[in-house]
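Participant: Take this structure first; my questions come after.
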Amino acid sequence: MPEPMTSLEAGVQAHLLSAVFNPEQVRLDVWNRLREEMTRLEARQAEGQVSPAHVEQVLSLFAEVHPIERLFVFPGEVRLQRLADMARRHDVAELAEEVRRLVALLSLHQDRAALLDDGETARVGAVEREGPHYFTTLVVDDMSSADFARVRRGILDAQRGERQFVHEMLQVRSVEDALVAVLVNNDIQVCVVRQDLPLRSRAPVKQLRAVLDPIIAEAERAGEEASLVVARWIRRLRPQLNVYLITDESLVGREMHTERLFDRVFYRYESPLELNVTVVAGVRARYRTPFFDALKEYASRPIGNFHALPIARGHSVFNSRWLRDMGEFYGPNLFMAESSSTSGGLDSLLEPTGSIKEAQEMAARTFGSQHTFFVTNGTSTANKIVHQTLLQPGDVVLIDRNCHKSNHYGLMLSGAHPLYLDAYPVREYAIYGGVALSTLKAKLLELKSAGRLDKVKLVVLTNCTFDGLVYHPERVMEELLAIKPDLAFLWDEAWFAFATFMPLARQRTAMSAAKRLAGRLRSRTYREQYRAWRAKRGDGDPVVGARAMEDRLMVDPDKVRLRVYATQSTHKSLSAFRQGSMLHVWDEDFERRAVAPLTEAYFTHITTSPNHQLVASLDLARRQMDLEGFAMVKEAYQLSMRMRERLREDPMLHRYLRLLDAEQMVPKVFRESGLNRYVGPSSAGVEDLTRAWSQDEFVLDPTRMTLFTALTGRNGFEFRGKVLMERLGIQVNHTSINTVLLNATIGVTWGSLSFLLDGLRQEVERLETTLAQATGVERKLFEAKVRSITEELPPLPDFSGFHPAFQPSGSVGEGDLRSAFYLAYQEENCEFVPLTEAAEALESGRPLVSTRFVVPYPPGFPILVPGQEVSPGIVEFMTKLDVKEVHGYRPELGLSVFTESALERVAGGEVRRGPEPRETGSRDEPGHWSVPAPH
């Protein structure tokens with residue numbers, strides 16, 4: 001059976017996660033060393049001490065940076081050769097001045113200086129003043145320098161007068177160079193590929209040679225056309241880029257052969273004007289933000305407002321004597337863009353037909369889904385929409401007990417019965433991981449054995465948990481679909497929207513996994529593999545018994561229906577306003593089974609007055625990631641690696657503060673690759689990263705940096721409040737009993753990282769001083785506090801189970817959450833039991849059954865849901881839990897539980913447990929869905 005992930009693809013991108021080799025940083029480091037060397041050379045020249053050895057040192061630095069520098073327009077290979085010639089002529093003063101100027105431009109990321117060339121200074125000045133968008137067009141062609149100069153001149157001439165998009169052409173001469181350039185040069189937005197070109201580079205980047213060599217060797221063995229190799233790997237590494245083919249062949253048949261790899265095919269370079277127009281049009285199309293553009297146009301029009309939004313156009317604000325500060329704070333554009341209108345190009349979010357519809361279609365292409373929907377009430381609402389779309393009352397849902405509360409409420413609203421699954425615990429840090437595949441398979445097989453498999457409709461899992469644990473969605477879906485081929489999946493990816501733009505992480509997103517799995521299941525190769533696997537298992541059902549638990553299962557390609565939904569909090573990791581989220585869909589039955597119920601769910605949960613600014617920010621977030629997501633996410637990963645490196649290498653910081661790594665967060669049984677940590681001794685090499693992200697059941701996303709604070713004597717809540725927020729002015733949004741979570745997002749800068757590290761070092765230096773001056777008693781108190789939050793943590797409670805009164809007939813653990821929820825609406829059915837009396841009540845044999853969701857922060861998931869039995873472990877956990885915020889629990893009153901008489905009446909059938917699903921029509925018929933009976 002083939003590996004579910006492409007190991008070559010993961011291996012290429014793994015280099016960019018490596019703390020050992022960061023191409024862009026290597027490049028800047030060498031240029032900074034050049035600047036320092038030139039300063040020393042100037043001093044030696046002033047003293048008359050410049051020797052050939054000194055010049056050779058400068059030339060060696062030029063040689064070191066050359067393999068990478070030739071992959072950039074600026075300063076570029078030609079200018080680098082001119083600088084080297086200046087060094088050989090001993091033009092020290094002129095060379096030093098030029099190197100300092102170039103380093104300053106590089107440090108400021110002013111790559112528009114790429115337009116600077118001999119005789120083109122005036123053009124650069126115009127570009128800098130008017131500020132068009134600059135990008136690089138990569139030309140993969142081994143034509144002569146003279147021919148390339150001719151093509152480049154034609155493109156420059158064709159750009160005369162262009163004010164919005166300006167591009168410069170960069171030539172590389174081989175497949176290997178092209179792939180390296182795409183990986184390291186973030187300015188590349190377009191690739192023009194010649195049909196016939198060499199595979200291997202004449203001047204390779206040695207640090208990437210090892211990982212690219214298998215790609216080249218594979219192409220050589222297969223005799224594959226070089227242009228197809230380039231295009232295919234660009235689509236895998238940076239799928240948003242525009243790729244065009246230049247060929248000398250007749251175009252007959254070429255379009256069909258390359259339609260999925262190339263955006264257009266050109267016959268030679270016969271028309272620079274047409275090539276330029278096509279290149280610019282491709283980037284302009286990705287730059288377009290249909291709704292935001294319509295909103296700007298609407299705001300610029302003279303309009304008289306007689307609709308129900310006084311704040312629109314700002315008249316009620318700017319004409320007020322008492323509200324002017326609001327206008328001054330937010331500025332006029334916010335109010336000019338406010339309207340309750342859905343005309344004039346603004347479109348309706350509930351039933352989009354224009355600019356919003358187009359914006360959502362563009363987002364679908366960017367995020368790799370079949371359909372994408374904008375949600376302005378956050379991912380909480382997106383989750384509820386999916387539940388209502390896919391579920392009817394009485395359906396069974398396999399769900400991680402520790403998922404976001406919106407999923408629990410979604411189940412309550414839908415009337416579906418949750419079968420809660422326990423994730424593996426990380427007890428030392430009071431954190432839960434993910435639900436093991438073996439747990440999911442075992443429960444599904446148990447339902448099958450009990451004859452209840454037909455009731456199971458959905459699996460709900462959090463992909464990239466709060467603490468950064470990431471599933472292997474393709475593996476999970478394939479094996480569960482082997483047991484139930486029409487099972488639907490909801491992957492709550494609230495924290496994982498950015499992963500689409502990092503190839504190593506993208507393979508673990510729901511949409512990428514769905515696309516890969518769909519392609520595999522429909523292929524002839526998979527069908528042959530399935531037939532062979534099925535034959536080995538003999539006659540009868542191939543997925544029963546202990547063997548089904550032990551073996552890797554394969555899904556019948558003739559029975560499977562792939563139905564995958566992903567919800568993402570765009571605002572949590574991309575540049576959208578709060579509450580801006582997206583719902584992505586890959587559903588082979590979407591038109592037949594989901595369109596009508598999803599529309600109704602949308603109407604149910606989405607406001608009829610969505611905020612235009614939220615919708616526009618989703619449109620803009622898509623644009624940004626389409627054009628620079630690869631660069632920004634790559635930098636976030638590299639920043640997180642540097643943070644881990646600095647904390648581990650600094651002895652004083654490491655004494656008190658640690659960032660948890662894979663070996664702490666992912667049990668060894670789930671780490672087949674053997675990857676232990678990202679940096680430090682025995683850290684991950686490129687091969688380890690490749691294997692881990694391709695094969696391991698769970699991986700830890702390095703941008704989720706869980707800081708272990710217990711050794712400072714402060715629990716997570718105290719460290720966040722007293723140290724990070726009050727003392728250092730650093731904001732975080734999640735803690736556990738002894739950890740604080742730090743996020744390396746696209747909004748975090750290297751300056752932010754330095755600020756954080758400096759602040760943490762000040763804190764541990766303060767702690768060192770305090771402990772050095774502490775008395776023996778004070779020292780013991782400190783050690784006791786450390787011990788209490790490292791060795792004496794309250795045990796993490798598993799899901800205790802639903803009380804029998806709320807379990808449907810034939811249940812294997814699922815419960816009627818909705819009935820319990822609404823039963824608590826009658827006051828006479830409920831009472832409070834103080835926490836101090838709960839243990840005694842349980843010992844006496846009295847069942848305590850929660851009436852509410854009880855959610856402590858941290859850990860931030862419900863330890864009790866309506867209808868769940870209170871266990872001694874839960875009481876102990878709540879007693880020892882030292883947190884200020886517990887939703888659904890009033891400490892002055894105690895736990896809210898059902899009275900014994902209420903439980904007896906429910907068990908005896910005197911109280912309806914909730915509506916049974918009514919068969920009013922087939923699920924295959926849109927619009928025929930059961931309506932819950934009133935309670």
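Ordered as shown in the structure tokens, chains take letters A, B, and onward, while each chain numbers its residues from 1 and ligands are numbered from 1 in the order shown.
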Using DSSP on the backbone coordinates, identify all residues within stretch 752-934 of chain A classified as strand (DSSP E or B); present the result as a PDB file with N, CA, C and O atoms, in the first residue's frame.

Facilitator:
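Contents of out_26.pdb, freshly written:
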ATOM      1  N   PHE A 802     -23.139   9.151  30.150  1.00  0.00           N
ATOM      2  CA  PHE A 802     -24.485   9.690  30.359  1.00  0.00           C
ATOM      3  C   PHE A 802     -25.246   8.797  31.345  1.00  0.00           C
ATOM      4  O   PHE A 802     -25.062   7.579  31.378  1.00  0.00           O
ATOM      5  N   CYS A 830     -34.382  20.648  39.109  1.00  0.00           N
ATOM      6  CA  CYS A 830     -32.966  20.911  39.398  1.00  0.00           C
ATOM      7  C   CYS A 830     -32.754  21.269  40.865  1.00  0.00           C
ATOM      8  O   CYS A 830     -33.644  21.803  41.524  1.00  0.00           O
ATOM      9  N   GLU A 831     -31.549  21.006  41.326  1.00  0.00           N
ATOM     10  CA  GLU A 831     -31.134  21.447  42.655  1.00  0.00           C
ATOM     11  C   GLU A 831     -29.618  21.639  42.654  1.00  0.00           C
ATOM     12  O   GLU A 831     -28.921  21.160  41.753  1.00  0.00           O
ATOM     13  N   PHE A 832     -29.118  22.328  43.659  1.00  0.00           N
ATOM     14  CA  PHE A 832     -27.680  22.560  43.775  1.00  0.00           C
ATOM     15  C   PHE A 832     -27.105  21.685  44.879  1.00  0.00           C
ATOM     16  O   PHE A 832     -27.694  21.560  45.960  1.00  0.00           O
ATOM     17  N   VAL A 833     -25.951  21.097  44.606  1.00  0.00           N
ATOM     18  CA  VAL A 833     -25.220  20.309  45.589  1.00  0.00           C
ATOM     19  C   VAL A 833     -23.845  20.950  45.758  1.00  0.00           C
ATOM     20  O   VAL A 833     -23.075  21.005  44.793  1.00  0.00           O
ATOM     21  N   VAL A 849     -26.306  14.022  38.435  1.00  0.00           N
ATOM     22  CA  VAL A 849     -26.336  14.180  36.978  1.00  0.00           C
ATOM     23  C   VAL A 849     -26.405  15.664  36.650  1.00  0.00           C
ATOM     24  O   VAL A 849     -27.322  16.359  37.088  1.00  0.00           O
ATOM     25  N   SER A 850     -25.432  16.131  35.879  1.00  0.00           N
ATOM     26  CA  SER A 850     -25.325  17.558  35.589  1.00  0.00           C
ATOM     27  C   SER A 850     -26.490  18.048  34.742  1.00  0.00           C
ATOM     28  O   SER A 850     -26.953  17.354  33.830  1.00  0.00           O
ATOM     29  N   VAL A 854     -20.442  22.531  32.156  1.00  0.00           N
ATOM     30  CA  VAL A 854     -19.521  23.118  33.125  1.00  0.00           C
ATOM     31  C   VAL A 854     -18.148  23.184  32.468  1.00  0.00           C
ATOM     32  O   VAL A 854     -17.541  22.153  32.161  1.00  0.00           O
ATOM     33  N   VAL A 855     -17.684  24.412  32.223  1.00  0.00           N
ATOM     34  CA  VAL A 855     -16.461  24.609  31.438  1.00  0.00           C
ATOM     35  C   VAL A 855     -15.476  25.468  32.219  1.00  0.00           C
ATOM     36  O   VAL A 855     -15.637  26.688  32.313  1.00  0.00           O
ATOM     37  N   PRO A 856     -14.447  24.861  32.831  1.00  0.00           N
ATOM     38  CA  PRO A 856     -13.413  25.663  33.498  1.00  0.00           C
ATOM     39  C   PRO A 856     -12.401  26.199  32.486  1.00  0.00           C
ATOM     40  O   PRO A 856     -12.062  25.534  31.514  1.00  0.00           O
ATOM     41  N   TYR A 857     -11.924  27.418  32.731  1.00  0.00           N
ATOM     42  CA  TYR A 857     -10.879  28.038  31.895  1.00  0.00           C
ATOM     43  C   TYR A 857      -9.676  28.349  32.764  1.00  0.00           C
ATOM     44  O   TYR A 857      -9.727  29.267  33.566  1.00  0.00           O
ATOM     45  N   LEU A 864     -18.282  18.673  32.268  1.00  0.00           N
ATOM     46  CA  LEU A 864     -19.624  18.137  32.451  1.00  0.00           C
ATOM     47  C   LEU A 864     -20.535  18.683  31.365  1.00  0.00           C
ATOM     48  O   LEU A 864     -20.418  19.859  30.985  1.00  0.00           O
ATOM     49  N   GLN A 868     -24.828  14.200  31.947  1.00  0.00           N
ATOM     50  CA  GLN A 868     -23.638  13.415  32.291  1.00  0.00           C
ATOM     51  C   GLN A 868     -23.585  13.153  33.787  1.00  0.00           C
ATOM     52  O   GLN A 868     -23.872  14.021  34.605  1.00  0.00           O
ATOM     53  N   GLU A 869     -23.181  11.956  34.148  1.00  0.00           N
ATOM     54  CA  GLU A 869     -23.014  11.598  35.551  1.00  0.00           C
ATOM     55  C   GLU A 869     -21.753  12.252  36.105  1.00  0.00           C
ATOM     56  O   GLU A 869     -20.701  12.244  35.467  1.00  0.00           O
ATOM     57  N   GLU A 885     -12.242  31.239  36.522  1.00  0.00           N
ATOM     58  CA  GLU A 885     -13.383  31.289  35.616  1.00  0.00           C
ATOM     59  C   GLU A 885     -13.866  29.878  35.309  1.00  0.00           C
ATOM     60  O   GLU A 885     -13.149  29.079  34.714  1.00  0.00           O
ATOM     61  N   VAL A 886     -15.096  29.554  35.748  1.00  0.00           N
ATOM     62  CA  VAL A 886     -15.709  28.266  35.442  1.00  0.00           C
ATOM     63  C   VAL A 886     -17.128  28.539  34.972  1.00  0.00           C
ATOM     64  O   VAL A 886     -18.004  28.894  35.770  1.00  0.00           O
ATOM     65  N   HIS A 887     -17.363  28.409  33.667  1.00  0.00           N
ATOM     66  CA  HIS A 887     -18.700  28.657  33.125  1.00  0.00           C
ATOM     67  C   HIS A 887     -19.629  27.524  33.542  1.00  0.00           C
ATOM     68  O   HIS A 887     -19.266  26.343  33.503  1.00  0.00           O
ATOM     69  N   ARG A 890     -21.570  27.773  39.849  1.00  0.00           N
ATOM     70  CA  ARG A 890     -21.622  28.875  40.822  1.00  0.00           C
ATOM     71  C   ARG A 890     -21.088  28.355  42.154  1.00  0.00           C
ATOM     72  O   ARG A 890     -21.773  27.592  42.862  1.00  0.00           O
ATOM     73  N   GLY A 894     -22.937  25.621  44.299  1.00  0.00           N
ATOM     74  CA  GLY A 894     -22.485  24.272  44.040  1.00  0.00           C
ATOM     75  C   GLY A 894     -22.831  23.815  42.640  1.00  0.00           C
ATOM     76  O   GLY A 894     -23.157  24.613  41.756  1.00  0.00           O
ATOM     77  N   LEU A 895     -22.793  22.500  42.435  1.00  0.00           N
ATOM     78  CA  LEU A 895     -23.118  21.917  41.139  1.00  0.00           C
ATOM     79  C   LEU A 895     -24.621  21.880  40.947  1.00  0.00           C
ATOM     80  O   LEU A 895     -25.374  21.502  41.854  1.00  0.00           O
ATOM     81  N   SER A 896     -25.085  22.235  39.744  1.00  0.00           N
ATOM     82  CA  SER A 896     -26.495  22.112  39.419  1.00  0.00           C
ATOM     83  C   SER A 896     -26.737  20.705  38.877  1.00  0.00           C
ATOM     84  O   SER A 896     -26.164  20.318  37.855  1.00  0.00           O
ATOM     85  N   VAL A 897     -27.579  19.930  39.573  1.00  0.00           N
ATOM     86  CA  VAL A 897     -27.841  18.544  39.183  1.00  0.00           C
ATOM     87  C   VAL A 897     -29.347  18.317  39.144  1.00  0.00           C
ATOM     88  O   VAL A 897     -30.137  19.085  39.714  1.00  0.00           O
ATOM     89  N   PHE A 898     -29.746  17.243  38.469  1.00  0.00           N
ATOM     90  CA  PHE A 898     -31.160  16.890  38.424  1.00  0.00           C
ATOM     91  C   PHE A 898     -31.584  16.270  39.752  1.00  0.00           C
ATOM     92  O   PHE A 898     -30.814  15.538  40.393  1.00  0.00           O
TER      93      PHE A 898
END

Participant: Using only C-alpha atoms, I'd like a table of the residues in stretch 636-701 of chain A that come within 10 Å of stretch 496-507 of chain A; for each, show the closest atom pair and its distance in Å rounded to one decimal, ordered by chain and ascending number, as a tab-separated table.

Facilitator:
residue	atom	partner	partner_atom	distance
A:Ala636	CA	A:Phe498	CA	9.9
A:Tyr637	CA	A:Met502	CA	8.9
A:Leu689	CA	A:Leu504	CA	8.9
A:Thr690	CA	A:Leu504	CA	8.1
A:Trp693	CA	A:Leu504	CA	6.8
A:Ser694	CA	A:Gln507	CA	8.0
A:Val699	CA	A:Ala505	CA	9.8
A:Asp701	CA	A:Ala505	CA	8.1

Participant: If you keep all heavy atoms, can you produce a file of those selected residues as an mmCIF file, in the first residue's frame?

Facilitator:
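Saved result, out.cif, follows:
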data_model
loop_
_atom_site.group_PDB
_atom_site.id
_atom_site.type_symbol
_atom_site.label_atom_id
_atom_site.label_comp_id
_atom_site.auth_asym_id
_atom_site.auth_seq_id
_atom_site.Cartn_x
_atom_site.Cartn_y
_atom_site.Cartn_z
ATOM 1 N N ALA A 636 6.721 32.686 9.864
ATOM 2 C CA ALA A 636 6.181 32.358 11.175
ATOM 3 C C ALA A 636 6.772 31.047 11.689
ATOM 4 O O ALA A 636 7.111 30.924 12.882
ATOM 5 C CB ALA A 636 4.658 32.269 11.110
ATOM 6 N N TYR A 637 6.923 30.073 10.803
ATOM 7 C CA TYR A 637 7.530 28.803 11.213
ATOM 8 C C TYR A 637 8.994 28.999 11.602
ATOM 9 O O TYR A 637 9.466 28.453 12.606
ATOM 10 C CB TYR A 637 7.411 27.778 10.082
ATOM 11 C CG TYR A 637 6.128 26.985 10.116
ATOM 12 C CD1 TYR A 637 5.008 27.399 9.406
ATOM 13 C CD2 TYR A 637 6.027 25.825 10.870
ATOM 14 C CE1 TYR A 637 3.827 26.676 9.442
ATOM 15 C CE2 TYR A 637 4.860 25.093 10.909
ATOM 16 C CZ TYR A 637 3.757 25.522 10.197
ATOM 17 O OH TYR A 637 2.583 24.804 10.233
ATOM 18 N N LEU A 689 11.705 15.180 10.036
ATOM 19 C CA LEU A 689 10.546 16.040 9.770
ATOM 20 C C LEU A 689 9.684 15.450 8.661
ATOM 21 O O LEU A 689 8.448 15.436 8.747
ATOM 22 C CB LEU A 689 11.012 17.440 9.369
ATOM 23 C CG LEU A 689 11.520 18.348 10.482
ATOM 24 C CD1 LEU A 689 12.143 19.602 9.885
ATOM 25 C CD2 LEU A 689 10.404 18.719 11.419
ATOM 26 N N THR A 690 10.347 14.979 7.621
ATOM 27 C CA THR A 690 9.621 14.403 6.495
ATOM 28 C C THR A 690 8.776 13.224 6.949
ATOM 29 O O THR A 690 7.580 13.141 6.655
ATOM 30 C CB THR A 690 10.602 13.947 5.409
ATOM 31 O OG1 THR A 690 11.370 15.067 4.977
ATOM 32 C CG2 THR A 690 9.869 13.345 4.226
ATOM 33 N N TRP A 693 5.752 14.333 9.550
ATOM 34 C CA TRP A 693 4.585 14.997 8.972
ATOM 35 C C TRP A 693 3.905 14.126 7.916
ATOM 36 O O TRP A 693 2.727 14.320 7.613
ATOM 37 C CB TRP A 693 4.978 16.353 8.400
ATOM 38 C CG TRP A 693 5.152 17.375 9.474
ATOM 39 C CD1 TRP A 693 6.224 17.537 10.291
ATOM 40 C CD2 TRP A 693 4.200 18.355 9.878
ATOM 41 N NE1 TRP A 693 6.003 18.560 11.175
ATOM 42 C CE2 TRP A 693 4.775 19.088 10.944
ATOM 43 C CE3 TRP A 693 2.930 18.702 9.443
ATOM 44 C CZ2 TRP A 693 4.105 20.136 11.576
ATOM 45 C CZ3 TRP A 693 2.264 19.756 10.068
ATOM 46 C CH2 TRP A 693 2.848 20.456 11.126
ATOM 47 N N SER A 694 4.609 13.158 7.364
ATOM 48 C CA SER A 694 4.009 12.283 6.366
ATOM 49 C C SER A 694 3.321 11.076 7.003
ATOM 50 O O SER A 694 2.316 10.598 6.476
ATOM 51 C CB SER A 694 5.078 11.774 5.386
ATOM 52 O OG SER A 694 5.653 12.833 4.679
ATOM 53 N N VAL A 699 1.227 15.046 15.019
ATOM 54 C CA VAL A 699 2.425 15.879 15.054
ATOM 55 C C VAL A 699 2.108 17.143 15.843
ATOM 56 O O VAL A 699 0.944 17.516 16.013
ATOM 57 C CB VAL A 699 2.915 16.265 13.635
ATOM 58 C CG1 VAL A 699 3.444 15.054 12.897
ATOM 59 C CG2 VAL A 699 1.819 16.955 12.850
ATOM 60 N N ASP A 701 2.449 21.078 15.865
ATOM 61 C CA ASP A 701 2.757 22.222 15.019
ATOM 62 C C ASP A 701 3.677 23.168 15.793
ATOM 63 O O ASP A 701 3.323 23.625 16.880
ATOM 64 C CB ASP A 701 1.479 22.966 14.625
ATOM 65 C CG ASP A 701 1.776 24.062 13.635
ATOM 66 O OD1 ASP A 701 1.829 23.782 12.433
ATOM 67 O OD2 ASP A 701 1.977 25.213 14.079
#

Participant: Which neighbours of stretch 184-200 of chain A fall inside 7 Å, counting only C-alpha atoms, when residues of the same chain fewer than 2 positions from it are skipped, and could you give them as number ranges by chain?

Facilitator: A: 23-24, 71-72, 135-142, 174-176, 180-182, 202, 216, 226-227, 241-247, 279, 631

Participant: How would the residues just chosen look if you wrote them out with N, CA and C atoms as a tab-separated table (two decimals), in the first residue's frame?

Facilitator:
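So again-v8.tsv came out as:
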chain	number	residue	atom	x	y	z
A	23	PRO	N	17.48	29.57	4.01
A	23	PRO	CA	18.17	30.21	2.87
A	23	PRO	C	18.16	31.73	2.91
A	24	GLU	N	16.99	32.31	3.21
A	24	GLU	CA	16.93	33.78	3.23
A	24	GLU	C	17.83	34.34	4.31
A	71	LEU	N	19.31	33.68	-7.50
A	71	LEU	CA	17.89	33.35	-7.52
A	71	LEU	C	17.03	34.56	-7.18
A	72	PHE	N	17.65	35.74	-7.12
A	72	PHE	CA	16.95	36.99	-6.84
A	72	PHE	C	17.31	38.02	-7.90
A	135	PHE	N	6.50	42.50	-8.40
A	135	PHE	CA	6.70	41.06	-8.24
A	135	PHE	C	7.72	40.59	-9.26
A	136	THR	N	8.16	39.37	-9.07
A	136	THR	CA	9.16	38.77	-9.95
A	136	THR	C	8.51	37.69	-10.81
A	137	THR	N	8.84	37.71	-12.08
A	137	THR	CA	8.45	36.64	-13.00
A	137	THR	C	9.65	35.75	-13.23
A	138	LEU	N	9.57	34.50	-12.82
A	138	LEU	CA	10.67	33.55	-12.98
A	138	LEU	C	10.61	32.95	-14.37
A	139	VAL	N	11.68	33.09	-15.12
A	139	VAL	CA	11.79	32.52	-16.46
A	139	VAL	C	12.71	31.31	-16.37
A	140	VAL	N	12.17	30.13	-16.56
A	140	VAL	CA	12.94	28.90	-16.48
A	140	VAL	C	13.29	28.49	-17.90
A	141	ASP	N	14.49	28.90	-18.32
A	141	ASP	CA	14.87	28.74	-19.73
A	141	ASP	C	16.39	28.83	-19.80
A	142	ASP	N	17.01	27.92	-20.52
A	142	ASP	CA	18.47	27.96	-20.64
A	142	ASP	C	18.94	28.72	-21.87
A	174	SER	N	17.61	25.70	-15.09
A	174	SER	CA	17.38	24.27	-14.89
A	174	SER	C	16.18	24.05	-14.00
A	175	VAL	N	15.69	22.81	-14.01
A	175	VAL	CA	14.58	22.44	-13.13
A	175	VAL	C	14.97	22.63	-11.68
A	176	GLU	N	16.17	22.19	-11.32
A	176	GLU	CA	16.63	22.30	-9.93
A	176	GLU	C	16.66	23.74	-9.47
A	180	VAL	N	14.36	25.56	-6.38
A	180	VAL	CA	15.00	26.29	-5.27
A	180	VAL	C	14.53	27.73	-5.25
A	181	ALA	N	14.46	28.36	-6.42
A	181	ALA	CA	14.02	29.76	-6.49
A	181	ALA	C	12.60	29.91	-5.95
A	182	VAL	N	11.71	29.00	-6.29
A	182	VAL	CA	10.33	29.07	-5.81
A	182	VAL	C	10.27	28.92	-4.30
A	202	ARG	N	23.91	23.79	-12.68
A	202	ARG	CA	25.37	23.85	-12.79
A	202	ARG	C	25.99	24.50	-11.56
A	216	ILE	N	14.90	14.99	-9.04
A	216	ILE	CA	15.57	15.00	-10.34
A	216	ILE	C	15.83	13.58	-10.81
A	226	ALA	N	10.94	18.04	-18.78
A	226	ALA	CA	11.39	18.93	-17.71
A	226	ALA	C	10.35	19.97	-17.34
A	227	SER	N	9.66	20.52	-18.33
A	227	SER	CA	8.68	21.57	-18.04
A	227	SER	C	7.54	21.02	-17.18
A	241	LEU	N	0.66	30.20	-7.47
A	241	LEU	CA	1.41	30.88	-8.53
A	241	LEU	C	0.80	30.62	-9.91
A	242	ASN	N	0.95	31.61	-10.79
A	242	ASN	CA	0.58	31.43	-12.20
A	242	ASN	C	1.75	30.79	-12.94
A	243	VAL	N	1.45	29.78	-13.73
A	243	VAL	CA	2.49	29.05	-14.45
A	243	VAL	C	2.12	29.01	-15.94
A	244	TYR	N	3.08	29.43	-16.79
A	244	TYR	CA	2.86	29.47	-18.23
A	244	TYR	C	3.96	28.67	-18.93
A	245	LEU	N	3.60	28.05	-20.04
A	245	LEU	CA	4.53	27.24	-20.80
A	245	LEU	C	4.92	27.95	-22.09
A	246	ILE	N	6.23	27.93	-22.39
A	246	ILE	CA	6.74	28.41	-23.68
A	246	ILE	C	7.21	27.18	-24.45
A	247	THR	N	6.69	26.99	-25.64
A	247	THR	CA	7.03	25.80	-26.41
A	247	THR	C	7.37	26.17	-27.85
A	279	VAL	N	0.72	37.86	-18.01
A	279	VAL	CA	1.35	37.80	-16.69
A	279	VAL	C	0.67	38.76	-15.72
A	631	ALA	N	5.18	33.23	1.93
A	631	ALA	CA	6.28	33.94	2.58
A	631	ALA	C	5.98	34.20	4.04

Participant: Please determine, counting only C-alpha atoms, which residue among A:Val470, A:Tyr429, A:Leu793, A:Gly368 has the shortest atom-to-atom distance to A:Lys515.

Facilitator: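 Among the listed residues, the smallest separation from A:Lys515 belongs to A:Gly368.
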
Participant: Calculate how many Å separate atom CA of A:Ser438 from atom CA of A:Thr735, rounding to one decimal.

Facilitator: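 Taking atom CA of A:Ser438 as the start and atom CA of A:Thr735 as the end point, the length is 28.8 Å.
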
Participant: Using only C-alpha atoms, can you tell me which of A:Val166, A:Met641, A:Leu413, A:Ala514 comes closest to A:Tyr822?

Facilitator: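 For A:Tyr822, the nearest of the given residues is A:Leu413.
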
Participant: Please identify all polymer residues within 8 Å of stretch 389-399 of chain A, counting only C-alpha atoms, omitting same-chain residues fewer than 2 positions from it, and present them as a ChimeraX atom specification.

Facilitator: /A:385-387,401,403,414-421,440,455-461,488,594,597-598,600-601,814,816,915-917,929-930,932

Participant: Take the residues just selected and output them with C-alpha atoms as a compact mmCIF listing (two decimals), in the first residue's frame.

Facilitator:
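Full text of out-v7.txt as output:
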# COMPACT_ATOMS: atom_id res chain seq x y z
CA ILE A 385 -24.24 25.36 10.60
CA VAL A 386 -22.46 22.10 9.77
CA HIS A 387 -24.24 20.23 12.57
CA ARG A 401 -15.21 15.44 24.42
CA CYS A 403 -13.73 20.02 21.39
CA SER A 414 -29.71 19.46 16.23
CA GLY A 415 -31.00 16.81 18.63
CA ALA A 416 -28.25 14.41 17.59
CA HIS A 417 -26.79 12.06 20.19
CA PRO A 418 -23.11 12.59 20.99
CA LEU A 419 -20.92 9.60 21.68
CA TYR A 420 -18.09 11.30 23.52
CA LEU A 421 -14.57 10.03 23.00
CA LEU A 440 -12.23 5.90 16.82
CA LYS A 455 -27.38 5.74 13.05
CA VAL A 456 -23.81 7.14 12.92
CA LYS A 457 -23.65 10.15 10.64
CA LEU A 458 -20.72 12.36 11.64
CA VAL A 459 -17.26 12.46 13.22
CA VAL A 460 -16.18 15.75 14.85
CA LEU A 461 -12.50 16.31 15.63
CA ALA A 488 -19.26 12.58 7.14
CA ALA A 594 -26.49 19.24 1.51
CA PRO A 597 -30.21 21.97 4.55
CA LEU A 598 -27.06 24.10 4.51
CA GLU A 600 -31.61 26.62 5.89
CA ALA A 601 -28.84 26.33 8.49
CA GLU A 814 -24.27 7.95 23.27
CA ASP A 816 -29.63 12.52 24.52
CA PRO A 915 -38.29 14.17 19.81
CA GLU A 916 -37.75 11.07 17.77
CA PRO A 917 -36.74 11.65 14.15
CA TRP A 929 -36.07 17.11 6.81
CA SER A 930 -37.78 16.27 10.06
CA PRO A 932 -38.32 18.62 16.06

Participant: Measuring between only C-alpha atoms, which one of A:Lys357, A:Gly378, A:Pro302, A:Tyr269 shows the shortest distance to A:Arg150?

Facilitator: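 Closest to A:Arg150 of all the choices is A:Tyr269.
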